[in-house]
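Note sheet for the following structure.
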Amino acid sequence: MGKGIAITGMGIISAIGNNVEENYRSLVEGKKGISRIVKIDTVHKDALMVGEIDFTNQELEAYLGLDTNNNYSRSALLGAYAARQAVSDAKITDVNSSKTGLVSATTVGGMDKTEQYYYKYFEDKKVQKYIEGHHAGDSTQKIAEQLGIHNSLVTTISTACSSAANAILFGARLLKSGKLDRVIVGGTDGLSKFTLNGFKTLMIQSDTYNTPFDENRKGLNLGEAAAFLVLESDKSVQRENKEVLAYVKGWGNANDAFHQTASSEHGDGATLAMQKALKVGGLKGEEIDYINAHGTATPNNDLSEGRAFLRVFGNGVPDFSSTKGYTGHTLAAAGGVEAVFSVLALRHNVIFPNLNFKNPMKEFHLRPRAELKKRKLNTVLSNSLGFGGNCSTLIFSKEA
Amino acid sequence: MKPVYINSVASISAQSTFDNSVFLEDIAEHTDNVIRAMNPNYKEFIPPAAARRMAKGIKMGVATSKIALKEANLENVDAIITGTGLGCIADSEKFVSKIINDNEEYLTPTSFIQSTHNTVAGQIALGIGCKGYNFTYVHSSISFESALLDAKLQLENDEAQNILVGGVDELADHHIKIHKLVNHIKKDVVNSRDLLESGTKGAVFGEGASFFVLSNEKSETTYAQVLDVTAYNSLPAEELQNGLKSFLHENSLEIEDIDIVVLGNNGDIDYDTYYNLLSQGSLKNTAQVYYKHLCGEFNTASSFGIWMATKMIRTQRIPEAVRLNGIQPSKIGTVLLYNQYRGENHSLVLLRGC
């Protein structure tokens with residue numbers, strides 16, 4: 001049986017709060033962050049609802065102390081903001097005092113600037129600084145710079161909506177193998193016209209509040225967020241006598257190998273990912289106390305994921321809820337956001353409600369937990385399922 | 001810990017590399033500042049109807065993955081791990097420009113779907129029905145090395161037995177134009193033979209895909225063992241030689257143990273200084289080779305470097321066109337690779353013949 005990897009710090013910024021405490025308060029108060037689009041200049045303003053973060057880019061730049069010549073995309077700004085919180089939460093004062101790496105995740109990268117300056121690059125020299133910031137790794141390089149990580153392993157994962165979960169998974173592997181002593185893991189995605197229009201062409205975006213696992217669900221709301229965890233090796237925890245928030249106990253990634261964007265009808269990939277994570281964690285299905293579902297509220301995802309629950313847990317499907325009703329679907333960041341929420345659930349012994357749920361789906365009897373529930377939790381399972389059939393499961397636990 | 005082997009190789013590049021029975025015998029010379037990958041007959045690898053819908057990056061990735069699987073005598077693998085700096089960038093460009101040109105109207109999903117960075121890994125999985133681990137790393141010039149490291153750790157710990165690992169990047173029009181604006185692409189064309197003497201800023205951009213089957217079981221097709229791989233987000237020039245030494249020491253090696261070093265020089269006068277530090281410094285007496293004059297510079301060009309290193313080990317031959325100095329090693333056993341892009345994202349890889 002595998003021993004868990006210690007989590008010693010967390011940081012988050014999402015549509016429901018600018019730090020861990022604010023996010024927690026919104027979660028228990030049932031306060032959603034979904035609204036009409038304010039910050040993006042799009043013709044779809046009235047047709048879509050999103051989970052936008054309050055801070056403007058200028059406010060984030062000021063917080064990070066960047067000068068006006070900076071070339072940070074929104075994903076880089078949000079990522080640096082959340083990652084700095086995580087490092088400070090872990091009480092790390094000198095990030096280079098032991099072998100510390102960074103594994104971030106993004107799908108959007110610097111696309112927000114690319115779509116703004118696509119043609120302007122040829123006319124205005126001043127905006128050409130953003131050309132270098134387009135590629136996905138750029139946001140991660142900037143986060144590393146903000147954290148002061150030098151001469152170390154810094155990389156980026158992009159596997160669509162499971163990206164941050166995979167960053168956590170790879171971080172766990174790096175610690176297990178002894179490659180690093182500490183690793184900051186998570187993901188960041190700002191909203192962009194690119195993704196708003198992309199999901200619009202797939203016709204899986206809701207024009208109202210998303211309703212995960214509801215019979216009448218109309219699709220997802222996109223959101224923006226960044227969330228990071230600090231993972232540390234046992235040696236590092238002991239040496240510095242660190243408080244451990246929770247453990248990453250199990251992890252698994254599998255591929256649906258069914259369709260480029262849709263999930264298979266019976267959730268083959270999700271089933272395999274959950275089974276792998278249980279195996280890595282040395283856990284039985286009945287030992288899972290709560291599932292923070294991927295639950296995007298698209299017709300396809302919720303059916304496929306629900307069926308996978310039945311395949312893995314049979315008649316004993318644990319309490320589950322999707323928190324996408326609060327934050328929207330934050331794409332590459334989602335696995336990081338929901339990792340933070342899973343740790344909060346464990347620490348406060350609370351199951352967060354699945355907002356906007358009214359009618360059970362006709363295909364099965366599963367009902368998400370629609371009300372806040374206080375209950376002792378020892379293990380929480382979190383799913384992240386994405387394009388390219390990419391399915392990931394993480395299991396968080398109180399005990400190593 | 002189990003040893004990790006490269007059991008098959010495949011490459012599509014600006015050279016004729018997709019036929020594994022030859023190794024850079026005929027060099028295609030290019031006189032340009034952007035060089036494209038040569039297309040194999042894709043019909044041999046992908047049904048024509050499917051190929052029509054695929055971006056060049058997907059086609060290159062799928063075809064090389066098939067060559068690599070075939071050479072390793074495998075129909076499936078336990079995991080697929082790819083590296084790509086920009087994913088299917090041509091589709092990203094198609095979608096962004098349509099958003100702008102048509103003011104967010106009349107869009108269709110195809111190019112959006114394909115623009116996702118993990119499209120190639122997903123398409124390979126779909127093609128061979130691989131339900132295993134499927135990852136894509138997207139971190140500039142260490143995208144491929146990240147994939148290699150992930151695969152190596154899994155194989156060492158016996159979490160998997162066979163893993164398909166590859167690097168792929170394609171060229172696209174807007175990408176080329178804007179990188180010319182900022183001189184990341186050389187202003188003037190240069191002949192590939194003269195790349196390192198160009199004395200100008202920027203690189204000659206290229207594209208390509210190189211895929212490998214890595215395994216923790218040695219087989220009759222084994223090319224080399226992967227001893228180590230490491231990457232650094234930053235590495236100041238003055239720390240480079242010490243960085244190399246401690247990397248070698250971690251592997252119980254000295255400079256003298258290296259038979260050949262494969263360097264990532266791209267002819268950029270501002271950044272080739274890093275390579276020169278090693279080639280004129282601690283690796284002065286080591287046989288040196290380079291490759292970006294053959295394949296161009298792109299985020300996963302270093303996967304071409306690995307391809308070249310494995311072929312040199314297999315054939316025990318250094319192609320004339322890639323020599324940086326006249327030193328002839330007594331054998332091609334231990335090979336070191338060093339790469340960086342614009343002074344960031346450095347990587348060191350160690351291979352050994354077996």
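Just so we're on the same page: first chain in the structure tokens is A, next is B, and so on; residues restart at 1 for each chain, and ligands are numbered from 1 in the order they show up.
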Name the residues in contact with Glu29 in chain B at a cut-off of 10 Å, using only C-alpha atoms, excluding same-chain residues fewer than 4 positions from it; report them as a VMD selection string. chain B and resid 14 to 15 191 to 193 293 to 294
Can you list every residue of chain B that has an atom at most 8 Å from chain A, with its nearest atom pair and the distance in Å to one decimal, using only C-alpha atoms, ordered by chain then number, as a Markdown table?
| residue | atom | partner | partner_atom | distance |
| --- | --- | --- | --- | --- |
| B:Gly85 | CA | A:His135 | CA | 6.8 |
| B:Leu86 | CA | A:His135 | CA | 6.0 |
| B:Phe95 | CA | A:Phe194 | CA | 7.6 |
| B:Val96 | CA | A:Glu115 | CA | 6.2 |
| B:Ser97 | CA | A:Tyr118 | CA | 7.7 |
| B:Ile99 | CA | A:Phe194 | CA | 7.6 |
| B:Ile100 | CA | A:Glu115 | CA | 7.6 |
| B:Asn103 | CA | A:Val43 | CA | 7.7 |
| B:Glu104 | CA | A:Val43 | CA | 6.9 |
| B:Leu107 | CA | A:Thr201 | CA | 6.4 |
| B:Thr108 | CA | A:Thr201 | CA | 5.7 |
| B:Pro109 | CA | A:Thr201 | CA | 5.1 |
| B:Phe112 | CA | A:Gly198 | CA | 5.5 |
| B:Ile113 | CA | A:Thr261 | CA | 7.1 |
| B:Thr116 | CA | A:Ala160 | CA | 6.7 |
| B:His117 | CA | A:Ser158 | CA | 6.0 |
| B:Asn118 | CA | A:Thr159 | CA | 5.2 |
| B:Thr119 | CA | A:Gly388 | CA | 6.0 |
| B:Ala121 | CA | A:Gly388 | CA | 7.6 |
| B:Gly122 | CA | A:Gly388 | CA | 4.4 |
| B:Gln123 | CA | A:Gln260 | CA | 7.2 |
| B:Ala125 | CA | A:Ala257 | CA | 5.6 |
| B:Leu126 | CA | A:Ala257 | CA | 4.4 |
| B:Gly127 | CA | A:Ala257 | CA | 8.0 |
| B:Gly129 | CA | A:Ala257 | CA | 5.6 |
| B:Cys130 | CA | A:Ala257 | CA | 6.2 |
| B:Lys131 | CA | A:Asn255 | CA | 4.3 |
| B:Gly132 | CA | A:Ala254 | CA | 4.8 |
| B:Tyr133 | CA | A:Ala254 | CA | 4.7 |
| B:Asn134 | CA | A:Asn255 | CA | 6.3 |
| B:Phe135 | CA | A:Thr159 | CA | 6.5 |
| B:Thr136 | CA | A:Ser158 | CA | 5.7 |
| B:Tyr137 | CA | A:Ile157 | CA | 4.5 |
| B:Val138 | CA | A:Thr156 | CA | 5.4 |
| B:His139 | CA | A:Gly137 | CA | 4.2 |
| B:Ser140 | CA | A:Gly137 | CA | 5.7 |
| B:Ile142 | CA | A:Thr155 | CA | 7.6 |
| B:Ser143 | CA | A:Thr155 | CA | 7.6 |
| B:Ser146 | CA | A:Thr155 | CA | 7.0 |
| B:Asp150 | CA | A:Phe170 | CA | 7.5 |
| B:Leu153 | CA | A:Ser177 | CA | 7.0 |
| B:Ile178 | CA | A:Tyr121 | CA | 7.0 |
| B:His179 | CA | A:Ile131 | CA | 7.5 |
| B:Leu181 | CA | A:Phe122 | CA | 7.5 |
| B:Val182 | CA | A:Gln128 | CA | 7.2 |
| B:Thr230 | CA | A:Leu153 | CA | 7.5 |
| B:Ala231 | CA | A:Leu153 | CA | 5.5 |
| B:Tyr232 | CA | A:Ser152 | CA | 4.5 |
| B:Asn233 | CA | A:Val154 | CA | 5.5 |
| B:Ser234 | CA | A:Asn151 | CA | 4.8 |
| B:Leu235 | CA | A:Asn151 | CA | 5.2 |
Just write the chosen residues, C-alpha atoms, as a JSON list (two decimals), in the first residue's frame.
[["chain", "number", "residue", "atom", "x", "y", "z"],
["B", 85, "GLY", "CA", 5.72, 23.38, -27.37],
["B", 86, "LEU", "CA", 2.72, 24.69, -29.26],
["B", 95, "PHE", "CA", -9.71, 29.58, -34.93],
["B", 96, "VAL", "CA", -8.35, 32.87, -33.57],
["B", 97, "SER", "CA", -8.27, 34.53, -36.96],
["B", 99, "ILE", "CA", -12.95, 34.83, -34.31],
["B", 100, "ILE", "CA", -11.44, 38.19, -35.24],
["B", 103, "ASN", "CA", -16.51, 38.92, -35.26],
["B", 104, "GLU", "CA", -17.20, 35.65, -33.39],
["B", 107, "LEU", "CA", -17.34, 29.34, -36.27],
["B", 108, "THR", "CA", -17.11, 25.57, -36.54],
["B", 109, "PRO", "CA", -15.66, 23.30, -33.84],
["B", 112, "PHE", "CA", -10.99, 24.42, -31.83],
["B", 113, "ILE", "CA", -11.04, 20.72, -31.01],
["B", 116, "THR", "CA", -6.01, 21.38, -27.78],
["B", 117, "HIS", "CA", -2.41, 20.59, -26.84],
["B", 118, "ASN", "CA", -3.09, 16.93, -26.12],
["B", 119, "THR", "CA", -4.68, 16.23, -29.50],
["B", 121, "ALA", "CA", -1.51, 12.00, -27.72],
["B", 122, "GLY", "CA", -5.30, 11.59, -27.74],
["B", 123, "GLN", "CA", -5.37, 10.71, -31.44],
["B", 125, "ALA", "CA", -4.55, 6.55, -28.13],
["B", 126, "LEU", "CA", -7.74, 6.57, -30.17],
["B", 127, "GLY", "CA", -5.96, 4.98, -33.13],
["B", 129, "GLY", "CA", -7.18, 1.81, -28.55],
["B", 130, "CYS", "CA", -4.77, 2.61, -25.72],
["B", 131, "LYS", "CA", -6.66, 3.23, -22.47],
["B", 132, "GLY", "CA", -3.52, 3.73, -20.45],
["B", 133, "TYR", "CA", -1.84, 6.81, -19.03],
["B", 134, "ASN", "CA", -1.89, 9.69, -21.50],
["B", 135, "PHE", "CA", 0.08, 12.86, -20.80],
["B", 136, "THR", "CA", 1.23, 15.91, -22.72],
["B", 137, "TYR", "CA", 3.96, 18.29, -21.58],
["B", 138, "VAL", "CA", 4.05, 21.79, -23.05],
["B", 139, "HIS", "CA", 7.04, 23.55, -21.60],
["B", 140, "SER", "CA", 9.01, 25.20, -24.41],
["B", 142, "ILE", "CA", 11.97, 20.94, -22.30],
["B", 143, "SER", "CA", 8.55, 19.66, -23.42],
["B", 146, "SER", "CA", 9.60, 16.32, -19.38],
["B", 150, "ASP", "CA", 7.97, 10.99, -16.67],
["B", 153, "LEU", "CA", 10.33, 7.28, -13.61],
["B", 178, "ILE", "CA", 5.34, 37.25, -35.73],
["B", 179, "HIS", "CA", 8.58, 35.50, -34.83],
["B", 181, "LEU", "CA", 8.96, 40.54, -36.37],
["B", 182, "VAL", "CA", 10.90, 40.00, -33.14],
["B", 230, "THR", "CA", 17.27, 16.54, -16.12],
["B", 231, "ALA", "CA", 15.98, 20.04, -16.83],
["B", 232, "TYR", "CA", 16.47, 23.53, -15.41],
["B", 233, "ASN", "CA", 14.15, 26.50, -15.84],
["B", 234, "SER", "CA", 17.14, 28.81, -15.57],
["B", 235, "LEU", "CA", 20.87, 28.23, -15.52]]
Considering only C-alpha atoms, state which residue in the set A:Val317, A:Met10, A:Val185, A:Leu77 is at the smallest distance from Asp289 in chain A.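 Counting only C-alpha atoms, the residue closest to Asp289 in chain A is A:Val317.
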Provide the CA of Ser397 in chain A to CA of Val337 in chain A distance in Å, to one decimal place. 16.5 Å
One-decimal distance in Å that lies between CA of Glu93 in chain B and CA of Thr296 in chain A: 27.1 Å
One decimal, Å: what's the distance from CA of Asp94 in chain A over to CA of Leu244 in chain B, could you say? 24.4 Å
Which of these, A:Tyr290, A:Phe213, A:Phe228, A:Tyr130, has the shortest distance to Ile143 in chain A once you count only C-alpha atoms?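 For Ile143 in chain A, the nearest of the given residues is A:Phe228.
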Show me, as a PDB file with N, CA and C atoms, in the first residue's frame, the residues that have an atom within 9 Å of range 298-311 of chain A when counting only C-alpha atoms, minus same-chain residues fewer than 6 positions from it.
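Saved the output as around26.pdb:
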ATOM      1  N   ILE A 204     -22.071  23.218 -25.822  1.00  0.00           N
ATOM      2  CA  ILE A 204     -22.190  22.611 -24.491  1.00  0.00           C
ATOM      3  C   ILE A 204     -22.074  23.673 -23.400  1.00  0.00           C
ATOM      4  N   GLN A 205     -22.381  24.946 -23.765  1.00  0.00           N
ATOM      5  CA  GLN A 205     -22.357  26.000 -22.753  1.00  0.00           C
ATOM      6  C   GLN A 205     -23.783  26.395 -22.394  1.00  0.00           C
ATOM      7  N   SER A 206     -24.008  26.589 -21.115  1.00  0.00           N
ATOM      8  CA  SER A 206     -25.338  26.970 -20.657  1.00  0.00           C
ATOM      9  C   SER A 206     -25.506  28.487 -20.715  1.00  0.00           C
ATOM     10  N   ASN A 210     -25.183  26.726 -14.376  1.00  0.00           N
ATOM     11  CA  ASN A 210     -25.018  25.293 -14.681  1.00  0.00           C
ATOM     12  C   ASN A 210     -25.595  24.438 -13.556  1.00  0.00           C
ATOM     13  N   THR A 211     -26.150  23.296 -13.943  1.00  0.00           N
ATOM     14  CA  THR A 211     -26.867  22.424 -12.993  1.00  0.00           C
ATOM     15  C   THR A 211     -26.331  20.989 -13.068  1.00  0.00           C
ATOM     16  N   PRO A 212     -25.197  20.722 -12.413  1.00  0.00           N
ATOM     17  CA  PRO A 212     -24.600  19.389 -12.532  1.00  0.00           C
ATOM     18  C   PRO A 212     -25.539  18.262 -12.080  1.00  0.00           C
ATOM     19  N   PHE A 213     -25.505  17.179 -12.803  1.00  0.00           N
ATOM     20  CA  PHE A 213     -26.251  15.944 -12.495  1.00  0.00           C
ATOM     21  C   PHE A 213     -27.760  16.132 -12.461  1.00  0.00           C
ATOM     22  N   ASP A 214     -28.256  17.215 -13.057  1.00  0.00           N
ATOM     23  CA  ASP A 214     -29.697  17.444 -13.115  1.00  0.00           C
ATOM     24  C   ASP A 214     -30.222  16.949 -14.465  1.00  0.00           C
ATOM     25  N   GLU A 215     -31.398  16.389 -14.444  1.00  0.00           N
ATOM     26  CA  GLU A 215     -32.003  15.867 -15.666  1.00  0.00           C
ATOM     27  C   GLU A 215     -32.071  16.953 -16.755  1.00  0.00           C
ATOM     28  N   ASN A 216     -32.337  18.178 -16.340  1.00  0.00           N
ATOM     29  CA  ASN A 216     -32.518  19.250 -17.324  1.00  0.00           C
ATOM     30  C   ASN A 216     -31.273  20.109 -17.523  1.00  0.00           C
ATOM     31  N   ARG A 217     -30.121  19.552 -17.261  1.00  0.00           N
ATOM     32  CA  ARG A 217     -28.868  20.326 -17.404  1.00  0.00           C
ATOM     33  C   ARG A 217     -28.673  20.762 -18.855  1.00  0.00           C
ATOM     34  N   LYS A 218     -28.173  21.988 -18.978  1.00  0.00           N
ATOM     35  CA  LYS A 218     -28.049  22.578 -20.314  1.00  0.00           C
ATOM     36  C   LYS A 218     -26.613  22.786 -20.738  1.00  0.00           C
ATOM     37  N   GLY A 219     -25.681  22.426 -19.890  1.00  0.00           N
ATOM     38  CA  GLY A 219     -24.285  22.607 -20.274  1.00  0.00           C
ATOM     39  C   GLY A 219     -23.506  23.328 -19.206  1.00  0.00           C
ATOM     40  N   LEU A 220     -22.265  23.674 -19.538  1.00  0.00           N
ATOM     41  CA  LEU A 220     -21.357  24.227 -18.529  1.00  0.00           C
ATOM     42  C   LEU A 220     -21.295  25.749 -18.583  1.00  0.00           C
ATOM     43  N   ALA A 262     -15.851  13.847 -26.775  1.00  0.00           N
ATOM     44  CA  ALA A 262     -16.938  13.285 -25.957  1.00  0.00           C
ATOM     45  C   ALA A 262     -16.437  12.126 -25.099  1.00  0.00           C
ATOM     46  N   SER A 263     -17.103  11.916 -23.974  1.00  0.00           N
ATOM     47  CA  SER A 263     -16.775  10.763 -23.128  1.00  0.00           C
ATOM     48  C   SER A 263     -17.572   9.552 -23.590  1.00  0.00           C
ATOM     49  N   SER A 264     -17.009   8.371 -23.361  1.00  0.00           N
ATOM     50  CA  SER A 264     -17.728   7.161 -23.749  1.00  0.00           C
ATOM     51  C   SER A 264     -18.987   7.019 -22.904  1.00  0.00           C
ATOM     52  N   GLU A 265     -19.953   6.341 -23.475  1.00  0.00           N
ATOM     53  CA  GLU A 265     -21.272   6.246 -22.842  1.00  0.00           C
ATOM     54  C   GLU A 265     -21.206   5.671 -21.426  1.00  0.00           C
ATOM     55  N   HIS A 266     -20.305   4.727 -21.247  1.00  0.00           N
ATOM     56  CA  HIS A 266     -20.240   4.071 -19.941  1.00  0.00           C
ATOM     57  C   HIS A 266     -19.050   4.507 -19.097  1.00  0.00           C
ATOM     58  N   GLY A 267     -18.379   5.570 -19.552  1.00  0.00           N
ATOM     59  CA  GLY A 267     -17.308   6.142 -18.744  1.00  0.00           C
ATOM     60  C   GLY A 267     -16.138   5.211 -18.514  1.00  0.00           C
ATOM     61  N   ASP A 268     -15.657   4.568 -19.590  1.00  0.00           N
ATOM     62  CA  ASP A 268     -14.539   3.623 -19.462  1.00  0.00           C
ATOM     63  C   ASP A 268     -13.315   4.288 -18.835  1.00  0.00           C
ATOM     64  N   GLY A 269     -12.952   5.466 -19.365  1.00  0.00           N
ATOM     65  CA  GLY A 269     -11.748   6.154 -18.894  1.00  0.00           C
ATOM     66  C   GLY A 269     -11.862   6.545 -17.431  1.00  0.00           C
ATOM     67  N   ALA A 270     -13.002   7.116 -17.070  1.00  0.00           N
ATOM     68  CA  ALA A 270     -13.209   7.552 -15.685  1.00  0.00           C
ATOM     69  C   ALA A 270     -13.188   6.356 -14.739  1.00  0.00           C
ATOM     70  N   THR A 271     -13.793   5.253 -15.173  1.00  0.00           N
ATOM     71  CA  THR A 271     -13.801   4.037 -14.354  1.00  0.00           C
ATOM     72  C   THR A 271     -12.374   3.560 -14.086  1.00  0.00           C
ATOM     73  N   LEU A 272     -11.595   3.487 -15.172  1.00  0.00           N
ATOM     74  CA  LEU A 272     -10.203   3.031 -15.034  1.00  0.00           C
ATOM     75  C   LEU A 272      -9.400   3.965 -14.138  1.00  0.00           C
ATOM     76  N   MET A 274     -10.423   5.941 -11.697  1.00  0.00           N
ATOM     77  CA  MET A 274     -10.808   5.773 -10.286  1.00  0.00           C
ATOM     78  C   MET A 274     -10.255   4.461  -9.729  1.00  0.00           C
ATOM     79  N   VAL A 317     -22.321   3.903  -3.894  1.00  0.00           N
ATOM     80  CA  VAL A 317     -21.736   5.165  -4.363  1.00  0.00           C
ATOM     81  C   VAL A 317     -21.711   6.158  -3.198  1.00  0.00           C
ATOM     82  N   PRO A 318     -20.535   6.697  -2.874  1.00  0.00           N
ATOM     83  CA  PRO A 318     -20.431   7.626  -1.748  1.00  0.00           C
ATOM     84  C   PRO A 318     -21.189   8.930  -2.016  1.00  0.00           C
ATOM     85  N   MET A 361     -31.461  12.552 -12.729  1.00  0.00           N
ATOM     86  CA  MET A 361     -31.379  12.104 -14.116  1.00  0.00           C
ATOM     87  C   MET A 361     -32.171  10.811 -14.275  1.00  0.00           C
ATOM     88  N   GLU A 363     -31.577   8.316 -16.230  1.00  0.00           N
ATOM     89  CA  GLU A 363     -30.818   7.108 -16.559  1.00  0.00           C
ATOM     90  C   GLU A 363     -30.415   6.294 -15.329  1.00  0.00           C
ATOM     91  N   PHE A 364     -30.331   6.948 -14.177  1.00  0.00           N
ATOM     92  CA  PHE A 364     -29.951   6.204 -12.969  1.00  0.00           C
ATOM     93  C   PHE A 364     -30.525   6.892 -11.724  1.00  0.00           C
ATOM     94  N   LEU A 366     -28.887   7.963  -9.145  1.00  0.00           N
ATOM     95  CA  LEU A 366     -27.907   8.759  -8.399  1.00  0.00           C
ATOM     96  C   LEU A 366     -28.382  10.195  -8.188  1.00  0.00           C
ATOM     97  N   ASN A 383     -12.413  13.862  -9.321  1.00  0.00           N
ATOM     98  CA  ASN A 383     -12.246  13.486 -10.728  1.00  0.00           C
ATOM     99  C   ASN A 383     -12.014  14.704 -11.604  1.00  0.00           C
ATOM    100  N   LEU A 385     -11.952  15.163 -15.867  1.00  0.00           N
ATOM    101  CA  LEU A 385     -12.080  14.444 -17.137  1.00  0.00           C
ATOM    102  C   LEU A 385     -12.010  15.450 -18.278  1.00  0.00           C
TER     103      LEU A 385
END
Using only C-alpha atoms, determine which residues lie at most 12 Å from Glu21 in chain A, disregarding the query and same-chain residues fewer than 5 positions distant; provide the list as a VMD selection string. chain A and resid 10 to 14 16 26 to 28 85 89 340 to 341 344 348
Take the residues from that selection and put them in a file with all heavy atoms, as a compact mmCIF listing (two decimals), in the first residue's frame.
# COMPACT_ATOMS: atom_id res chain seq x y z
N MET A 10 -1.65 25.67 0.47
CA MET A 10 -2.62 25.80 -0.62
C MET A 10 -2.80 27.27 -0.96
O MET A 10 -2.73 28.14 -0.09
CB MET A 10 -3.99 25.26 -0.20
CG MET A 10 -4.01 23.84 0.31
SD MET A 10 -5.68 23.18 0.29
CE MET A 10 -6.41 24.05 1.68
N GLY A 11 -3.08 27.53 -2.23
CA GLY A 11 -3.41 28.89 -2.67
C GLY A 11 -4.43 28.81 -3.78
O GLY A 11 -4.41 27.87 -4.58
N ILE A 12 -5.34 29.77 -3.82
CA ILE A 12 -6.40 29.73 -4.84
C ILE A 12 -6.94 31.13 -5.11
O ILE A 12 -7.00 31.98 -4.22
CB ILE A 12 -7.55 28.78 -4.39
CG1 ILE A 12 -8.59 28.61 -5.50
CG2 ILE A 12 -8.22 29.30 -3.12
CD1 ILE A 12 -9.62 27.52 -5.23
N ILE A 13 -7.29 31.35 -6.36
CA ILE A 13 -8.11 32.50 -6.71
C ILE A 13 -9.14 32.01 -7.72
O ILE A 13 -8.80 31.33 -8.69
CB ILE A 13 -7.26 33.68 -7.25
CG1 ILE A 13 -8.17 34.86 -7.61
CG2 ILE A 13 -6.38 33.29 -8.43
CD1 ILE A 13 -7.43 36.18 -7.82
N SER A 14 -10.42 32.28 -7.43
CA SER A 14 -11.48 31.81 -8.32
C SER A 14 -12.62 32.82 -8.27
O SER A 14 -12.52 33.84 -7.58
CB SER A 14 -11.99 30.44 -7.86
OG SER A 14 -12.85 30.59 -6.74
N ILE A 16 -15.19 32.62 -6.73
CA ILE A 16 -15.84 32.70 -5.41
C ILE A 16 -14.86 33.14 -4.31
O ILE A 16 -15.16 33.00 -3.12
CB ILE A 16 -16.55 31.39 -5.00
CG1 ILE A 16 -15.57 30.21 -4.95
CG2 ILE A 16 -17.72 31.11 -5.93
CD1 ILE A 16 -16.15 28.98 -4.25
N SER A 26 -17.52 30.98 0.77
CA SER A 26 -18.51 30.90 -0.31
C SER A 26 -19.07 29.49 -0.44
O SER A 26 -20.27 29.30 -0.66
CB SER A 26 -17.88 31.32 -1.64
OG SER A 26 -17.47 32.65 -1.59
N LEU A 27 -18.20 28.50 -0.29
CA LEU A 27 -18.65 27.11 -0.43
C LEU A 27 -19.69 26.76 0.63
O LEU A 27 -20.73 26.17 0.33
CB LEU A 27 -17.46 26.15 -0.31
CG LEU A 27 -16.52 26.08 -1.52
CD1 LEU A 27 -15.24 25.32 -1.17
CD2 LEU A 27 -17.20 25.42 -2.72
N VAL A 28 -19.43 27.14 1.88
CA VAL A 28 -20.39 26.75 2.94
C VAL A 28 -21.62 27.65 2.93
O VAL A 28 -22.70 27.23 3.34
CB VAL A 28 -19.75 26.73 4.35
CG1 VAL A 28 -18.72 25.63 4.46
CG2 VAL A 28 -19.14 28.06 4.74
N GLN A 85 0.50 32.50 -2.73
CA GLN A 85 -0.28 32.15 -1.53
C GLN A 85 0.09 30.77 -1.00
O GLN A 85 0.24 30.57 0.21
CB GLN A 85 -1.77 32.08 -1.87
CG GLN A 85 -2.54 33.35 -1.85
CD GLN A 85 -4.00 33.04 -2.24
OE1 GLN A 85 -4.53 31.96 -1.99
NE2 GLN A 85 -4.63 34.00 -2.88
N ASP A 89 1.55 29.92 2.54
CA ASP A 89 0.77 29.06 3.42
C ASP A 89 1.62 27.90 3.95
O ASP A 89 1.46 27.47 5.10
CB ASP A 89 -0.45 28.52 2.64
CG ASP A 89 -1.42 27.76 3.52
OD1 ASP A 89 -1.64 28.18 4.67
OD2 ASP A 89 -1.97 26.73 3.05
N VAL A 340 -8.02 21.80 -3.82
CA VAL A 340 -8.13 22.70 -2.66
C VAL A 340 -9.47 22.46 -1.95
O VAL A 340 -9.52 22.34 -0.72
CB VAL A 340 -7.99 24.18 -3.09
CG1 VAL A 340 -8.33 25.12 -1.94
CG2 VAL A 340 -6.58 24.46 -3.61
N PHE A 341 -10.55 22.35 -2.73
CA PHE A 341 -11.86 22.12 -2.13
C PHE A 341 -11.90 20.77 -1.40
O PHE A 341 -12.52 20.64 -0.33
CB PHE A 341 -12.97 22.16 -3.20
CG PHE A 341 -13.19 23.53 -3.81
CD1 PHE A 341 -14.09 23.69 -4.86
CD2 PHE A 341 -12.51 24.66 -3.35
CE1 PHE A 341 -14.30 24.95 -5.44
CE2 PHE A 341 -12.70 25.92 -3.92
CZ PHE A 341 -13.60 26.05 -4.97
N LEU A 344 -10.17 21.16 1.85
CA LEU A 344 -11.05 21.92 2.76
C LEU A 344 -12.16 21.03 3.31
O LEU A 344 -12.51 21.11 4.49
CB LEU A 344 -11.65 23.13 2.03
CG LEU A 344 -10.70 24.30 1.78
CD1 LEU A 344 -11.34 25.34 0.85
CD2 LEU A 344 -10.29 24.96 3.10
N HIS A 348 -12.47 20.42 7.33
CA HIS A 348 -13.64 20.95 8.04
C HIS A 348 -14.74 19.89 8.20
O HIS A 348 -15.81 20.20 8.71
CB HIS A 348 -14.19 22.17 7.31
CG HIS A 348 -13.24 23.33 7.29
ND1 HIS A 348 -13.14 24.23 8.33
CD2 HIS A 348 -12.33 23.73 6.37
CE1 HIS A 348 -12.22 25.15 8.04
NE2 HIS A 348 -11.71 24.86 6.86
Backbone DSSP call of helix (DSSP H, G or I) for range 301-333 of chain B, listed as JSON, numbers by chain: {"B": [302, 303, 304, 305, 306, 307, 308, 309, 310, 311, 312, 313, 314, 315, 320, 321, 322]}
